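Coordinates as given in start_7.pdb (PDB, C-alpha atoms):
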```
ATOM      1  CA  MET H   1     -31.834 -16.820  15.386  1.00  0.00           C
ATOM      2  CA  TYR H   2     -30.164 -16.372  11.997  1.00  0.00           C
ATOM      3  CA  ILE H   3     -26.813 -17.995  11.232  1.00  0.00           C
ATOM      4  CA  LEU H   4     -24.838 -17.700   8.009  1.00  0.00           C
ATOM      5  CA  ILE H   5     -22.128 -20.212   7.165  1.00  0.00           C
ATOM      6  CA  LYS H   6     -20.421 -18.673   4.157  1.00  0.00           C
ATOM      7  CA  ASN H   7     -17.782 -19.657   1.603  1.00  0.00           C
ATOM      8  CA  ILE H   8     -18.098 -23.417   2.215  1.00  0.00           C
ATOM      9  CA  ASP H   9     -15.789 -25.167  -0.255  1.00  0.00           C
ATOM     10  CA  GLU H  10     -18.223 -28.036  -0.925  1.00  0.00           C
ATOM     11  CA  ILE H  11     -21.791 -28.633   0.190  1.00  0.00           C
ATOM     12  CA  TYR H  12     -23.165 -32.137  -0.382  1.00  0.00           C
ATOM     13  CA  THR H  13     -26.934 -31.765  -0.293  1.00  0.00           C
ATOM     14  CA  GLY H  14     -28.074 -35.327  -0.883  1.00  0.00           C
ATOM     15  CA  VAL H  15     -30.418 -33.998  -3.595  1.00  0.00           C
ATOM     16  CA  LYS H  16     -30.056 -35.984  -6.834  1.00  0.00           C
ATOM     17  CA  ASP H  17     -29.725 -33.131  -9.358  1.00  0.00           C
ATOM     18  CA  LYS H  18     -28.034 -30.665  -6.997  1.00  0.00           C
ATOM     19  CA  ASN H  19     -25.836 -32.937  -4.887  1.00  0.00           C
ATOM     20  CA  LEU H  20     -22.719 -30.728  -4.916  1.00  0.00           C
ATOM     21  CA  ILE H  21     -22.529 -26.970  -4.490  1.00  0.00           C
ATOM     22  CA  LYS H  22     -19.046 -25.467  -4.616  1.00  0.00           C
ATOM     23  CA  ASN H  23     -18.230 -22.286  -2.664  1.00  0.00           C
ATOM     24  CA  GLY H  24     -21.741 -22.154  -1.265  1.00  0.00           C
ATOM     25  CA  ASN H  25     -23.500 -20.778   1.773  1.00  0.00           C
ATOM     26  CA  ILE H  26     -25.914 -22.194   4.301  1.00  0.00           C
ATOM     27  CA  ILE H  27     -28.467 -20.066   6.087  1.00  0.00           C
ATOM     28  CA  ILE H  28     -29.831 -21.452   9.350  1.00  0.00           C
ATOM     29  CA  LYS H  29     -33.000 -20.015  10.861  1.00  0.00           C
ATOM     30  CA  ASN H  30     -34.203 -21.161  14.278  1.00  0.00           C
ATOM     31  CA  ASN H  31     -31.940 -24.255  14.290  1.00  0.00           C
ATOM     32  CA  SER H  32     -33.074 -25.501  10.863  1.00  0.00           C
ATOM     33  CA  ILE H  33     -31.501 -25.125   7.438  1.00  0.00           C
ATOM     34  CA  TYR H  34     -33.455 -22.320   5.809  1.00  0.00           C
ATOM     35  CA  ASN H  35     -31.570 -22.006   2.526  1.00  0.00           C
ATOM     36  CA  ILE H  36     -28.505 -23.273   0.680  1.00  0.00           C
ATOM     37  CA  THR H  37     -27.261 -20.796  -1.880  1.00  0.00           C
ATOM     38  CA  PRO H  38     -24.241 -20.573  -4.186  1.00  0.00           C
ATOM     39  CA  SER H  39     -24.265 -16.767  -4.068  1.00  0.00           C
ATOM     40  CA  LEU H  40     -24.226 -14.075  -1.389  1.00  0.00           C
ATOM     41  CA  SER H  41     -25.183 -11.288  -3.811  1.00  0.00           C
ATOM     42  CA  SER H  42     -28.668 -10.753  -2.369  1.00  0.00           C
ATOM     43  CA  ILE H  43     -27.776 -11.511   1.248  1.00  0.00           C
ATOM     44  CA  GLN H  44     -27.222  -8.717   3.759  1.00  0.00           C
ATOM     45  CA  GLU H  45     -24.627 -10.070   6.183  1.00  0.00           C
ATOM     46  CA  ASN H  46     -25.619  -7.615   8.910  1.00  0.00           C
ATOM     47  CA  ASN H  47     -28.997  -9.417   9.192  1.00  0.00           C
ATOM     48  CA  PHE H  48     -27.373 -12.454  10.852  1.00  0.00           C
ATOM     49  CA  ASP H  49     -26.798 -13.109  14.535  1.00  0.00           C
ATOM     50  CA  TYR H  50     -23.716 -15.208  13.727  1.00  0.00           C
ATOM     51  CA  ILE H  51     -21.516 -15.521  10.664  1.00  0.00           C
ATOM     52  CA  ILE H  52     -19.185 -18.506  10.339  1.00  0.00           C
ATOM     53  CA  ASP H  53     -16.479 -18.714   7.681  1.00  0.00           C
ATOM     54  CA  GLY H  54     -16.675 -22.123   5.997  1.00  0.00           C
ATOM     55  CA  LYS H  55     -13.545 -21.670   3.847  1.00  0.00           C
ATOM     56  CA  GLY H  56     -11.618 -24.935   3.657  1.00  0.00           C
ATOM     57  CA  LYS H  57     -14.625 -26.913   4.953  1.00  0.00           C
ATOM     58  CA  ILE H  58     -17.264 -29.232   3.543  1.00  0.00           C
ATOM     59  CA  ALA H  59     -20.875 -29.671   4.660  1.00  0.00           C
ATOM     60  CA  LEU H  60     -22.604 -33.050   4.593  1.00  0.00           C
ATOM     61  CA  PRO H  61     -26.078 -34.292   5.500  1.00  0.00           C
ATOM     62  CA  GLY H  62     -26.273 -35.666   9.034  1.00  0.00           C
ATOM     63  CA  PHE H  63     -25.180 -39.260   9.512  1.00  0.00           C
ATOM     64  CA  ILE H  64     -27.586 -41.971  10.699  1.00  0.00           C
ATOM     65  CA  ASN H  65     -26.351 -44.712  13.035  1.00  0.00           C
ATOM     66  CA  THR H  66     -28.697 -47.659  12.511  1.00  0.00           C
ATOM     67  CA  HIS H  67     -27.502 -49.970  15.291  1.00  0.00           C
ATOM     68  CA  THR H  68     -26.685 -48.769  18.787  1.00  0.00           C
ATOM     69  CA  HIS H  69     -26.893 -49.817  22.399  1.00  0.00           C
ATOM     70  CA  ALA H  70     -26.263 -46.311  23.709  1.00  0.00           C
ATOM     71  CA  GLY H  71     -26.235 -47.215  27.403  1.00  0.00           C
ATOM     72  CA  MET H  72     -23.373 -49.615  26.728  1.00  0.00           C
ATOM     73  CA  THR H  73     -21.050 -46.664  26.164  1.00  0.00           C
ATOM     74  CA  LEU H  74     -20.168 -47.074  29.835  1.00  0.00           C
ATOM     75  CA  LEU H  75     -18.877 -50.588  29.068  1.00  0.00           C
ATOM     76  CA  ARG H  76     -16.444 -49.497  26.364  1.00  0.00           C
ATOM     77  CA  GLY H  77     -13.226 -51.469  26.696  1.00  0.00           C
ATOM     78  CA  TYR H  78     -14.617 -53.760  29.394  1.00  0.00           C
ATOM     79  CA  ALA H  79     -13.277 -57.313  28.813  1.00  0.00           C
ATOM     80  CA  ASP H  80     -12.913 -56.569  25.109  1.00  0.00           C
ATOM     81  CA  ASP H  81     -10.121 -59.085  24.686  1.00  0.00           C
ATOM     82  CA  LEU H  82     -12.444 -62.090  25.050  1.00  0.00           C
ATOM     83  CA  PRO H  83     -14.232 -64.177  22.398  1.00  0.00           C
ATOM     84  CA  LEU H  84     -17.788 -62.955  21.741  1.00  0.00           C
ATOM     85  CA  HIS H  85     -19.632 -65.765  23.551  1.00  0.00           C
ATOM     86  CA  THR H  86     -17.437 -65.482  26.658  1.00  0.00           C
ATOM     87  CA  TRP H  87     -17.596 -61.681  26.563  1.00  0.00           C
ATOM     88  CA  LEU H  88     -21.402 -61.646  26.426  1.00  0.00           C
ATOM     89  CA  HIS H  89     -22.236 -64.530  28.783  1.00  0.00           C
ATOM     90  CA  ASP H  90     -19.508 -64.128  31.399  1.00  0.00           C
ATOM     91  CA  LYS H  91     -18.948 -60.362  31.450  1.00  0.00           C
ATOM     92  CA  ILE H  92     -21.467 -58.129  29.659  1.00  0.00           C
ATOM     93  CA  TRP H  93     -24.820 -59.705  30.566  1.00  0.00           C
ATOM     94  CA  PRO H  94     -23.967 -60.092  34.272  1.00  0.00           C
ATOM     95  CA  PHE H  95     -22.707 -56.494  34.350  1.00  0.00           C
ATOM     96  CA  GLU H  96     -25.804 -55.178  32.545  1.00  0.00           C
ATOM     97  CA  ALA H  97     -28.088 -56.982  34.992  1.00  0.00           C
ATOM     98  CA  ASN H  98     -26.885 -54.550  37.659  1.00  0.00           C
ATOM     99  CA  LEU H  99     -27.050 -51.313  35.644  1.00  0.00           C
ATOM    100  CA  SER H 100     -29.423 -48.758  37.132  1.00  0.00           C
ATOM    101  CA  LYS H 101     -31.772 -46.518  35.147  1.00  0.00           C
ATOM    102  CA  GLU H 102     -29.552 -43.575  36.031  1.00  0.00           C
ATOM    103  CA  GLU H 103     -26.427 -45.309  34.714  1.00  0.00           C
ATOM    104  CA  ILE H 104     -28.199 -46.176  31.457  1.00  0.00           C
ATOM    105  CA  TYR H 105     -29.380 -42.551  31.218  1.00  0.00           C
ATOM    106  CA  TRP H 106     -25.843 -41.160  31.623  1.00  0.00           C
ATOM    107  CA  GLY H 107     -24.349 -43.775  29.282  1.00  0.00           C
ATOM    108  CA  SER H 108     -26.950 -42.810  26.688  1.00  0.00           C
ATOM    109  CA  LYS H 109     -26.251 -39.099  27.208  1.00  0.00           C
ATOM    110  CA  LEU H 110     -22.543 -39.760  26.640  1.00  0.00           C
ATOM    111  CA  ALA H 111     -23.269 -41.764  23.477  1.00  0.00           C
ATOM    112  CA  ILE H 112     -25.527 -39.002  22.148  1.00  0.00           C
ATOM    113  CA  LEU H 113     -22.877 -36.358  22.834  1.00  0.00           C
ATOM    114  CA  GLU H 114     -20.283 -38.431  20.974  1.00  0.00           C
ATOM    115  CA  MET H 115     -22.638 -39.035  18.032  1.00  0.00           C
ATOM    116  CA  LEU H 116     -23.569 -35.360  17.735  1.00  0.00           C
ATOM    117  CA  SER H 117     -19.928 -34.296  17.906  1.00  0.00           C
ATOM    118  CA  THR H 118     -19.123 -36.491  14.894  1.00  0.00           C
ATOM    119  CA  GLY H 119     -22.062 -35.511  12.681  1.00  0.00           C
ATOM    120  CA  THR H 120     -24.597 -38.189  13.574  1.00  0.00           C
ATOM    121  CA  THR H 121     -28.054 -36.635  13.828  1.00  0.00           C
ATOM    122  CA  THR H 122     -30.237 -39.758  14.115  1.00  0.00           C
ATOM    123  CA  PHE H 123     -29.757 -43.172  15.696  1.00  0.00           C
ATOM    124  CA  THR H 124     -31.613 -46.418  16.261  1.00  0.00           C
ATOM    125  CA  ASP H 125     -31.211 -47.852  19.747  1.00  0.00           C
ATOM    126  CA  MET H 126     -32.010 -51.328  21.043  1.00  0.00           C
ATOM    127  CA  TYR H 127     -31.355 -51.538  24.758  1.00  0.00           C
ATOM    128  CA  PHE H 128     -33.094 -51.528  28.128  1.00  0.00           C
ATOM    129  CA  GLN H 129     -34.923 -48.820  30.061  1.00  0.00           C
ATOM    130  CA  MET H 130     -36.018 -47.059  26.874  1.00  0.00           C
ATOM    131  CA  GLU H 131     -37.858 -44.387  28.838  1.00  0.00           C
ATOM    132  CA  THR H 132     -34.518 -43.192  30.226  1.00  0.00           C
ATOM    133  CA  VAL H 133     -32.950 -43.228  26.756  1.00  0.00           C
ATOM    134  CA  ALA H 134     -35.989 -41.296  25.468  1.00  0.00           C
ATOM    135  CA  LYS H 135     -35.433 -38.697  28.189  1.00  0.00           C
ATOM    136  CA  ALA H 136     -31.792 -38.254  27.095  1.00  0.00           C
ATOM    137  CA  VAL H 137     -32.906 -37.995  23.450  1.00  0.00           C
ATOM    138  CA  GLU H 138     -35.518 -35.368  24.260  1.00  0.00           C
ATOM    139  CA  GLU H 139     -33.116 -33.304  26.373  1.00  0.00           C
ATOM    140  CA  THR H 140     -30.464 -33.220  23.641  1.00  0.00           C
ATOM    141  CA  GLY H 141     -32.700 -32.680  20.613  1.00  0.00           C
ATOM    142  CA  MET H 142     -31.254 -35.755  18.929  1.00  0.00           C
ATOM    143  CA  ARG H 143     -33.488 -37.806  16.616  1.00  0.00           C
ATOM    144  CA  ALA H 144     -33.903 -41.481  17.436  1.00  0.00           C
ATOM    145  CA  VAL H 145     -35.833 -44.669  16.808  1.00  0.00           C
ATOM    146  CA  LEU H 146     -35.998 -46.509  20.126  1.00  0.00           C
ATOM    147  CA  THR H 147     -36.935 -50.106  20.787  1.00  0.00           C
ATOM    148  CA  GLU H 148     -36.542 -52.312  23.840  1.00  0.00           C
ATOM    149  CA  GLY H 149     -33.760 -54.865  23.433  1.00  0.00           C
ATOM    150  CA  LEU H 150     -34.832 -58.510  23.491  1.00  0.00           C
ATOM    151  CA  ILE H 151     -32.768 -61.559  24.342  1.00  0.00           C
ATOM    152  CA  GLU H 152     -34.006 -65.111  24.046  1.00  0.00           C
TER
END
```

Represent the structure of the file as structure tokens.
Amino acid sequence: MYILIKNIDEIYTGVKDKNLIKNGNIIIKNNSIYNITPSLSSIQENNFDYIIDGKGKIALPGFINTHTHAGMTLLRGYADDLPLHTWLHDKIWPFEANLSKEEIYWGSKLAILEMLSTGTTTFTDMYFQMETVAKAVEETGMRAVLTEGLIE
């Protein structure tokens, strides 16, 4: 599948000598960036399956979230008015002790959806039941570094 995103006001490439391209275009081929070009002169627009107008937009490299506990998305707002020690020992750890693999899977899926919707393309996760988190990662196409959480 070919996608053209044209007329993007600013493209930040992350490449040292070519970090900013103004009024540029991104060509996506089979879900990967194929080319970033400042000109459409040699591009035949009728060759693309989709054309998106990027006027008034910027394009950035994907964000990387380096510290997550994705399954905990389900606990958002739970007892969040307590001091850290009380919150962890009296509320979070007892609650987590009863989380099922399926609940961790769906909490991780929700976290991944939220990350993808805000431009995060890679995350590092430290939680429990990593095989269920890995399943959610694989199903969504997200990139991740997964490690079992440890508590001493």

Just say which residues the PyMOL selection byres ((chain H and resi 14) around 12) picks in this file, as a PyMOL selection string.
chain H and resi 11-13+15-21+59-63

To one decimal place, how far is atom CA of H:Ile26 from atom CA of H:Thr118 in Å?
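Straight-line distance from atom CA of H:Ile26 to atom CA of H:Thr118 works out to 19.0 Å.
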
Edge lengths and centre in Å to one decimal, as AutoDock Vina command-line options, is what I'm after for the box along x, y and z that holds all listed atoms of stretch 9-18 of chain H once 8 Å is added on each side.
```
--center_x -23.1 --center_y -30.6 --center_z -4.6 --size_x 30.6 --size_y 26.8 --size_z 25.5
```

So what does the PyMOL selection byres ((chain H and resi 149) around 9) actually pick up in this one, as a PDB file with C-alpha atoms, in the coordinates of the input?
```pdb
ATOM      1  CA  HIS H  69     -26.893 -49.817  22.399  1.00  0.00           C
ATOM      2  CA  ASP H 125     -31.211 -47.852  19.747  1.00  0.00           C
ATOM      3  CA  MET H 126     -32.010 -51.328  21.043  1.00  0.00           C
ATOM      4  CA  TYR H 127     -31.355 -51.538  24.758  1.00  0.00           C
ATOM      5  CA  PHE H 128     -33.094 -51.528  28.128  1.00  0.00           C
ATOM      6  CA  MET H 130     -36.018 -47.059  26.874  1.00  0.00           C
ATOM      7  CA  THR H 147     -36.935 -50.106  20.787  1.00  0.00           C
ATOM      8  CA  GLU H 148     -36.542 -52.312  23.840  1.00  0.00           C
ATOM      9  CA  LEU H 150     -34.832 -58.510  23.491  1.00  0.00           C
ATOM     10  CA  ILE H 151     -32.768 -61.559  24.342  1.00  0.00           C
TER      11      ILE H 151
END
```

Residues within 9 Å of H:Lys29, please, as a PDB file with C-alpha atoms, keeping the file's coordinate frame. Count only C-alpha atoms; anything in the same chain fewer than 4 positions from it doesn't count.
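Here's the written file result.pdb:
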```
ATOM      1  CA  MET H   1     -31.834 -16.820  15.386  1.00  0.00           C
ATOM      2  CA  TYR H   2     -30.164 -16.372  11.997  1.00  0.00           C
ATOM      3  CA  ILE H   3     -26.813 -17.995  11.232  1.00  0.00           C
ATOM      4  CA  LEU H   4     -24.838 -17.700   8.009  1.00  0.00           C
ATOM      5  CA  ILE H  33     -31.501 -25.125   7.438  1.00  0.00           C
ATOM      6  CA  TYR H  34     -33.455 -22.320   5.809  1.00  0.00           C
ATOM      7  CA  ASN H  35     -31.570 -22.006   2.526  1.00  0.00           C
TER       8      ASN H  35
END
```

Excluding H:Thr120 and residues on its chain fewer than 6 positions from it, collect all residues at most 12 Å away from it, counting all atoms listed in the file, and give them as a PDB file with C-alpha atoms, in the coordinates of the input.
```
ATOM      1  CA  LEU H  60     -22.604 -33.050   4.593  1.00  0.00           C
ATOM      2  CA  PRO H  61     -26.078 -34.292   5.500  1.00  0.00           C
ATOM      3  CA  GLY H  62     -26.273 -35.666   9.034  1.00  0.00           C
ATOM      4  CA  PHE H  63     -25.180 -39.260   9.512  1.00  0.00           C
ATOM      5  CA  ILE H  64     -27.586 -41.971  10.699  1.00  0.00           C
ATOM      6  CA  ASN H  65     -26.351 -44.712  13.035  1.00  0.00           C
ATOM      7  CA  THR H  66     -28.697 -47.659  12.511  1.00  0.00           C
ATOM      8  CA  THR H  68     -26.685 -48.769  18.787  1.00  0.00           C
ATOM      9  CA  ALA H 111     -23.269 -41.764  23.477  1.00  0.00           C
ATOM     10  CA  ILE H 112     -25.527 -39.002  22.148  1.00  0.00           C
ATOM     11  CA  LEU H 113     -22.877 -36.358  22.834  1.00  0.00           C
ATOM     12  CA  GLU H 114     -20.283 -38.431  20.974  1.00  0.00           C
ATOM     13  CA  MET H 142     -31.254 -35.755  18.929  1.00  0.00           C
ATOM     14  CA  ARG H 143     -33.488 -37.806  16.616  1.00  0.00           C
ATOM     15  CA  ALA H 144     -33.903 -41.481  17.436  1.00  0.00           C
TER      16      ALA H 144
END
```

Evaluate the PyMOL selection byres ((chain H and resi 109) around 9) against this structure - the residues, as a VMD selection string, please.
chain H and resid 70 to 71 104 to 108 110 to 114 133 136 to 137 140

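Taking atom CA of H:Asn7 and atom CA of H:Phe123 as the two end points, the separation is 29.9 Å.
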
So what do you get for atom CA of H:Thr121 versus atom CA of H:Ile5, distance-wise?
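So the two atoms, atom CA of H:Thr121 and atom CA of H:Ile5, lie 18.7 Å apart.
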
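Across H:His67, H:Lys6, H:Lys57, H:Lys22, the tightest approach to H:Leu146 is made by H:His67 when counting all atoms listed in the file.
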
Nearest residue to H:Ile36 out of H:Glu10, H:Met115, H:Phe48, H:Asp53, using only C-alpha atoms?
H:Glu10

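Every protein or nucleic acid residue with an atom no more than 8 Å from H:Thr37, counting only C-alpha atoms and leaving out same-chain residues fewer than 3 positions away, appears here: Gly24, Asn25, Ile26 and Leu40 of chain H.
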
Nearest to H:Thr73: which of H:Asp9, H:Glu103, H:Glu152, H:Asp49 is it, counting all atoms listed in the file?
H:Glu103

Pick from H:Asn31, H:Asn46, H:Ser117, H:Asn23, whichever lies nearest to H:Ile8 using only C-alpha atoms:
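Result for the nearest residue to H:Ile8: H:Asn23.
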